[in-house]
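Here is the structure we will look at, set down as structure tokens.
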Amino acid sequence: MQSPLVLVVLAIVGSVAAWKGGEWLVDATDSLGDYYGIPSIIQGAVIAAVGSSFPEFASTILAASRGQFELGVGAVVGSAVFNILVIPAVSALAGGGSLASDRDLVYKEAQFYLLALSVILLTFALASLYQPINGLDGDAIVGGRITPPLVLPALGLYGLYIFVQWADAAEYPRPAIHTSHPLREWATLVVSLAVITVGAEALVRSAIGFGELFGTPSFLWGLTVVAAGTSVPDTFVSVTAARRGNAALSLANVMGSNIFALLIALPAGVLVAGSVTIVFADAVFMLGYLVLASVAFFVIIRTDMELSRREAHVMIALYGVFVLWIVAESVGLAPLPPGLF
């Protein structure tokens, strides 16, 4: 078992690597988006979102390969809650106190995001129904084994999402801006992915180590340590876009990142591991909070098509409640309902 100091150093190094690699990746994808003339909302929802969500993708893959898929689930769900509540709020405050939305963001992006949540919940439910897992005493528990065929609908839905974005890009083209050589940007992108992978490896190791050190589920550390570290690139993208007056890219990145994490990162972990087990009660409880956070987010951005300073403070407070509850549960002050963990 590694010492607490080593685990803290790993968490810090992993977060810094994820942030720096994410910064390089975002710069590269931004330049490539300009070079190929991709519209801002699609650039944010697909290119920037996939790039800034690569830490979650790498963390889930690495966790699943070590038999810690629940850590990957925690990282994705925790990061998604952070993305949907904190990043838009911080972006609004950094962008002058408000952040404008539009109908494409509220309806098209929201539609796919809610579908992504539904598909993941359905995947966990089908695994629990048709491939249930048993406890040590032989009694069935609320959980199941997720196999590759069960995650195919999620991958297919993301394919549909990309198709819709591609069709929109073809219908509303943007002039290409050739400010740099594409080969150099592609090389930067590859290097950034390697740096992010190293950071994700450090974060996963620290989360597993903290779980063993304190005798707590790795799922909880995925919700906190890994989720916070992997959300740094998403924050950087959205805040930078907001400061530049590009509210569409800022908000599209948030929803696109969560869509990618749910429909690609989680299924990728299953494909790498071959099959994984999930306790449905564990996952659905956190996904339930993510649904509530998402509903609050959509109501706020639909109201007057703007995220105001006051609403930003409300969203940060909602995330504060989430963190306090996780910390309280970790130290035994607010235990989860019977059967969880």
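Starting from 1 in every chain, residues are counted up; chains themselves are A, B, ... following the order of the structure tokens, and ligands are numbered from 1 as listed.
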Inset, instruction - Please run DSSP on the backbone and report, as a ChimeraX atom specification, all residues within range 66-168 of chain A that come out as helix (DSSP H, G or I). - result: /A:69-94,103-130,148-168
Using only C-alpha atoms, what table do you get, as a Markdown table, when you list each residue of range 112-172 of chain A with an atom no more than 9 Å from range 246-266 of chain A, its nearest pair of atoms, and their distance in Å rounded to one decimal, rows by chain then rising number?
```
| residue | atom | partner | partner_atom | distance |
| --- | --- | --- | --- | --- |
| A:Phe112 | CA | A:Ile259 | CA | 7.3 |
| A:Tyr113 | CA | A:Ile259 | CA | 5.5 |
| A:Leu114 | CA | A:Ile259 | CA | 8.8 |
| A:Leu115 | CA | A:Ile259 | CA | 9.0 |
| A:Ala116 | CA | A:Ile259 | CA | 6.1 |
| A:Leu117 | CA | A:Leu262 | CA | 7.2 |
| A:Val119 | CA | A:Leu263 | CA | 8.2 |
| A:Ile120 | CA | A:Leu262 | CA | 6.9 |
| A:Val151 | CA | A:Leu263 | CA | 8.4 |
| A:Pro153 | CA | A:Leu263 | CA | 8.8 |
| A:Ala154 | CA | A:Leu263 | CA | 5.0 |
| A:Leu155 | CA | A:Leu263 | CA | 5.8 |
| A:Gly156 | CA | A:Leu263 | CA | 8.6 |
| A:Leu157 | CA | A:Leu263 | CA | 7.4 |
| A:Tyr158 | CA | A:Leu263 | CA | 6.1 |
```
Test item: residues at most 12 Å from Val276 in chain A, only C-alpha atoms, excluding those fewer than 6 positions along its chain, as a tab-separated table (two decimals) with C-alpha atoms, in the first residue's frame:
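As written to disk, out_14.tsv reads:
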```tsv
chain	number	residue	atom	x	y	z
A	60	THR	CA	-12.41	4.61	-17.76
A	61	ILE	CA	-10.30	2.44	-20.06
A	63	ALA	CA	-9.86	1.52	-14.61
A	64	ALA	CA	-11.74	-1.19	-16.52
A	65	SER	CA	-8.49	-2.89	-17.54
A	66	ARG	CA	-7.62	-3.14	-13.80
A	67	GLY	CA	-10.97	-4.62	-12.84
A	68	GLN	CA	-12.13	-1.28	-11.35
A	69	PHE	CA	-14.96	-0.40	-13.73
A	70	GLU	CA	-16.96	1.15	-10.91
A	71	LEU	CA	-14.16	3.69	-10.53
A	72	GLY	CA	-14.62	4.59	-14.19
A	73	VAL	CA	-18.37	4.95	-13.67
A	124	PHE	CA	-27.59	-0.94	-16.52
A	127	ALA	CA	-27.79	-6.05	-17.39
A	128	SER	CA	-29.45	-6.39	-13.99
A	131	GLN	CA	-27.53	-11.13	-16.50
A	132	PRO	CA	-27.94	-10.66	-12.74
A	133	ILE	CA	-25.01	-11.14	-10.38
A	143	GLY	CA	-26.81	-5.68	-10.32
A	144	GLY	CA	-25.67	-7.45	-13.44
A	145	ARG	CA	-22.94	-8.14	-15.95
A	146	ILE	CA	-22.61	-5.70	-18.84
A	147	THR	CA	-21.36	-7.37	-22.03
A	148	PRO	CA	-20.34	-5.77	-25.35
A	150	LEU	CA	-25.47	-4.31	-24.37
A	151	VAL	CA	-23.38	-1.21	-25.08
A	266	LEU	CA	-18.36	3.95	-20.54
A	267	PRO	CA	-18.99	1.53	-23.45
A	268	ALA	CA	-15.26	1.62	-24.30
A	269	GLY	CA	-14.48	0.40	-20.77
A	270	VAL	CA	-16.83	-2.54	-21.28
```
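Checking A:Gly74, A:Gly159, A:Gly320, A:Pro39 one by one against Ala207 in chain A, counting only C-alpha atoms, you find the shortest gap at A:Gly74.
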Legend entry - Distance in Å - CA of Phe57 in chain A versus CA of Gly21 in chain A: 13.7 Å
Inset, instruction - Give me, please, the distance in Å between CA of Ala194 in chain A and CA of Ala169 in chain A, quoted to one decimal. - result: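 Separating CA of Ala194 in chain A from CA of Ala169 in chain A is a distance of 29.1 Å.
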Could you pull out the residues in range 29-254 of chain A that DSSP calls strand (DSSP E or B) from the backbone, as an mmCIF file with N, CA and C atoms, in the first residue's frame?
```
data_model
loop_
_atom_site.group_PDB
_atom_site.id
_atom_site.type_symbol
_atom_site.label_atom_id
_atom_site.label_comp_id
_atom_site.auth_asym_id
_atom_site.auth_seq_id
_atom_site.Cartn_x
_atom_site.Cartn_y
_atom_site.Cartn_z
ATOM 1 N N LEU A 99 -24.298 34.237 -19.551
ATOM 2 C CA LEU A 99 -23.920 33.396 -20.686
ATOM 3 C C LEU A 99 -25.180 33.120 -21.492
ATOM 4 N N ALA A 100 -25.187 33.532 -22.760
ATOM 5 C CA ALA A 100 -26.370 33.381 -23.602
ATOM 6 C C ALA A 100 -26.454 31.976 -24.184
ATOM 7 N N PRO A 132 -28.116 -11.088 -14.127
ATOM 8 C CA PRO A 132 -27.940 -10.664 -12.736
ATOM 9 C C PRO A 132 -26.712 -11.300 -12.096
ATOM 10 N N ILE A 133 -26.137 -10.594 -11.137
ATOM 11 C CA ILE A 133 -25.013 -11.140 -10.376
ATOM 12 C C ILE A 133 -25.524 -11.544 -9.001
ATOM 13 N N ASN A 134 -24.834 -12.471 -8.364
ATOM 14 C CA ASN A 134 -25.261 -13.001 -7.074
ATOM 15 C C ASN A 134 -24.312 -12.576 -5.970
ATOM 16 N N ALA A 140 -29.665 -13.106 -5.043
ATOM 17 C CA ALA A 140 -29.509 -12.122 -6.122
ATOM 18 C C ALA A 140 -29.476 -10.719 -5.531
ATOM 19 N N ILE A 141 -28.603 -9.872 -6.050
ATOM 20 C CA ILE A 141 -28.565 -8.475 -5.665
ATOM 21 C C ILE A 141 -28.923 -7.649 -6.892
ATOM 22 N N VAL A 142 -29.185 -6.379 -6.672
ATOM 23 C CA VAL A 142 -29.593 -5.526 -7.780
ATOM 24 C C VAL A 142 -28.347 -5.116 -8.552
ATOM 25 N N GLY A 143 -27.986 -5.942 -9.505
ATOM 26 C CA GLY A 143 -26.812 -5.678 -10.321
ATOM 27 C C GLY A 143 -26.725 -6.703 -11.433
ATOM 28 N N GLY A 144 -25.793 -6.517 -12.325
ATOM 29 C CA GLY A 144 -25.673 -7.448 -13.436
ATOM 30 C C GLY A 144 -24.355 -7.300 -14.154
ATOM 31 N N ARG A 145 -24.160 -8.144 -15.147
ATOM 32 C CA ARG A 145 -22.944 -8.136 -15.945
ATOM 33 C C ARG A 145 -23.235 -7.457 -17.289
ATOM 34 N N ILE A 146 -22.451 -6.422 -17.581
ATOM 35 C CA ILE A 146 -22.609 -5.705 -18.845
ATOM 36 C C ILE A 146 -21.639 -6.292 -19.859
#
```
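For the choices A:Glu23, A:Asp282, A:Glu109, A:Glu185, the atom-to-atom distance to Tyr35 in chain A is smallest for A:Glu185 when using only C-alpha atoms.
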Show me, as an mmCIF file with C-alpha atoms, in the first residue's frame, the residues that have an atom within 8 Å of Arg244 in chain A when counting only C-alpha atoms, minus same-chain residues fewer than 3 positions from it.
```cif
data_model
loop_
_atom_site.group_PDB
_atom_site.id
_atom_site.type_symbol
_atom_site.label_atom_id
_atom_site.label_comp_id
_atom_site.auth_asym_id
_atom_site.auth_seq_id
_atom_site.Cartn_x
_atom_site.Cartn_y
_atom_site.Cartn_z
ATOM 1 C CA GLY A 95 -17.629 35.917 -19.203
ATOM 2 C CA THR A 240 -11.828 30.435 -22.487
ATOM 3 C CA ALA A 241 -14.695 30.392 -24.999
#
```
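Remark: for Ala94 in chain A, the closest of the candidate residues A:Leu129, A:Val239, A:Leu193, A:Ala80 is A:Val239 (distances computed over only C-alpha atoms).
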Inset, instruction - Could you give me, as a PyMOL selection string, the residues within 12 Å of Ile208 in chain A, counting only C-alpha atoms and dropping anything in the same chain fewer than 5 positions from it? - result: chain A and resi 1-2+4+7-8+10-11+59+62-63+66-72+201-203+213-222+225-226
Applying 12 Å and only C-alpha atoms, which residues near His313 in chain A remain after dropping the ones on its own chain fewer than 2 positions away? List them as a short mmCIF file (atom, residue, chain, number, x, y, z; two decimals) with C-alpha atoms, in the first residue's frame.
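So selection_15.cif came out as:
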```
data_model
loop_
_atom_site.label_atom_id
_atom_site.label_comp_id
_atom_site.auth_asym_id
_atom_site.auth_seq_id
_atom_site.Cartn_x
_atom_site.Cartn_y
_atom_site.Cartn_z
CA LEU A 85 -23.34 22.53 -12.81
CA VAL A 86 -19.95 24.14 -12.22
CA ILE A 87 -18.48 24.76 -15.68
CA PRO A 88 -21.43 26.77 -17.11
CA ALA A 89 -21.64 28.75 -13.86
CA VAL A 90 -17.91 29.56 -13.79
CA SER A 91 -17.99 30.37 -17.51
CA ALA A 92 -20.88 32.79 -16.99
CA LEU A 93 -19.09 34.53 -14.14
CA GLY A 97 -21.77 37.69 -15.37
CA SER A 98 -24.02 35.99 -17.93
CA ILE A 300 -31.97 27.73 -16.18
CA LEU A 307 -27.53 31.94 -17.63
CA SER A 308 -27.41 34.90 -15.23
CA ARG A 309 -25.04 35.61 -12.33
CA ARG A 310 -27.67 34.66 -9.73
CA GLU A 311 -28.43 31.40 -11.53
CA MET A 315 -25.76 25.96 -9.76
CA ILE A 316 -22.52 26.18 -7.77
CA ALA A 317 -24.54 25.72 -4.56
CA LEU A 318 -26.17 22.59 -6.01
CA TYR A 319 -22.72 21.15 -6.71
CA GLY A 320 -21.67 22.07 -3.18
#
```
Inset, instruction - Write out as a VMD selection string the residues lying within 9 Å of Ala48 in chain A, counting only C-alpha atoms and excluding same-chain residues fewer than 3 positions away. - result: chain A and resid 25 to 26 29 to 30 33 42 to 45 51 to 53 234 237 249 253 256 to 257
Legend entry - One-decimal distance in Å that lies between CA of Val272 in chain A and CA of Thr197 in chain A: 15.4 Å
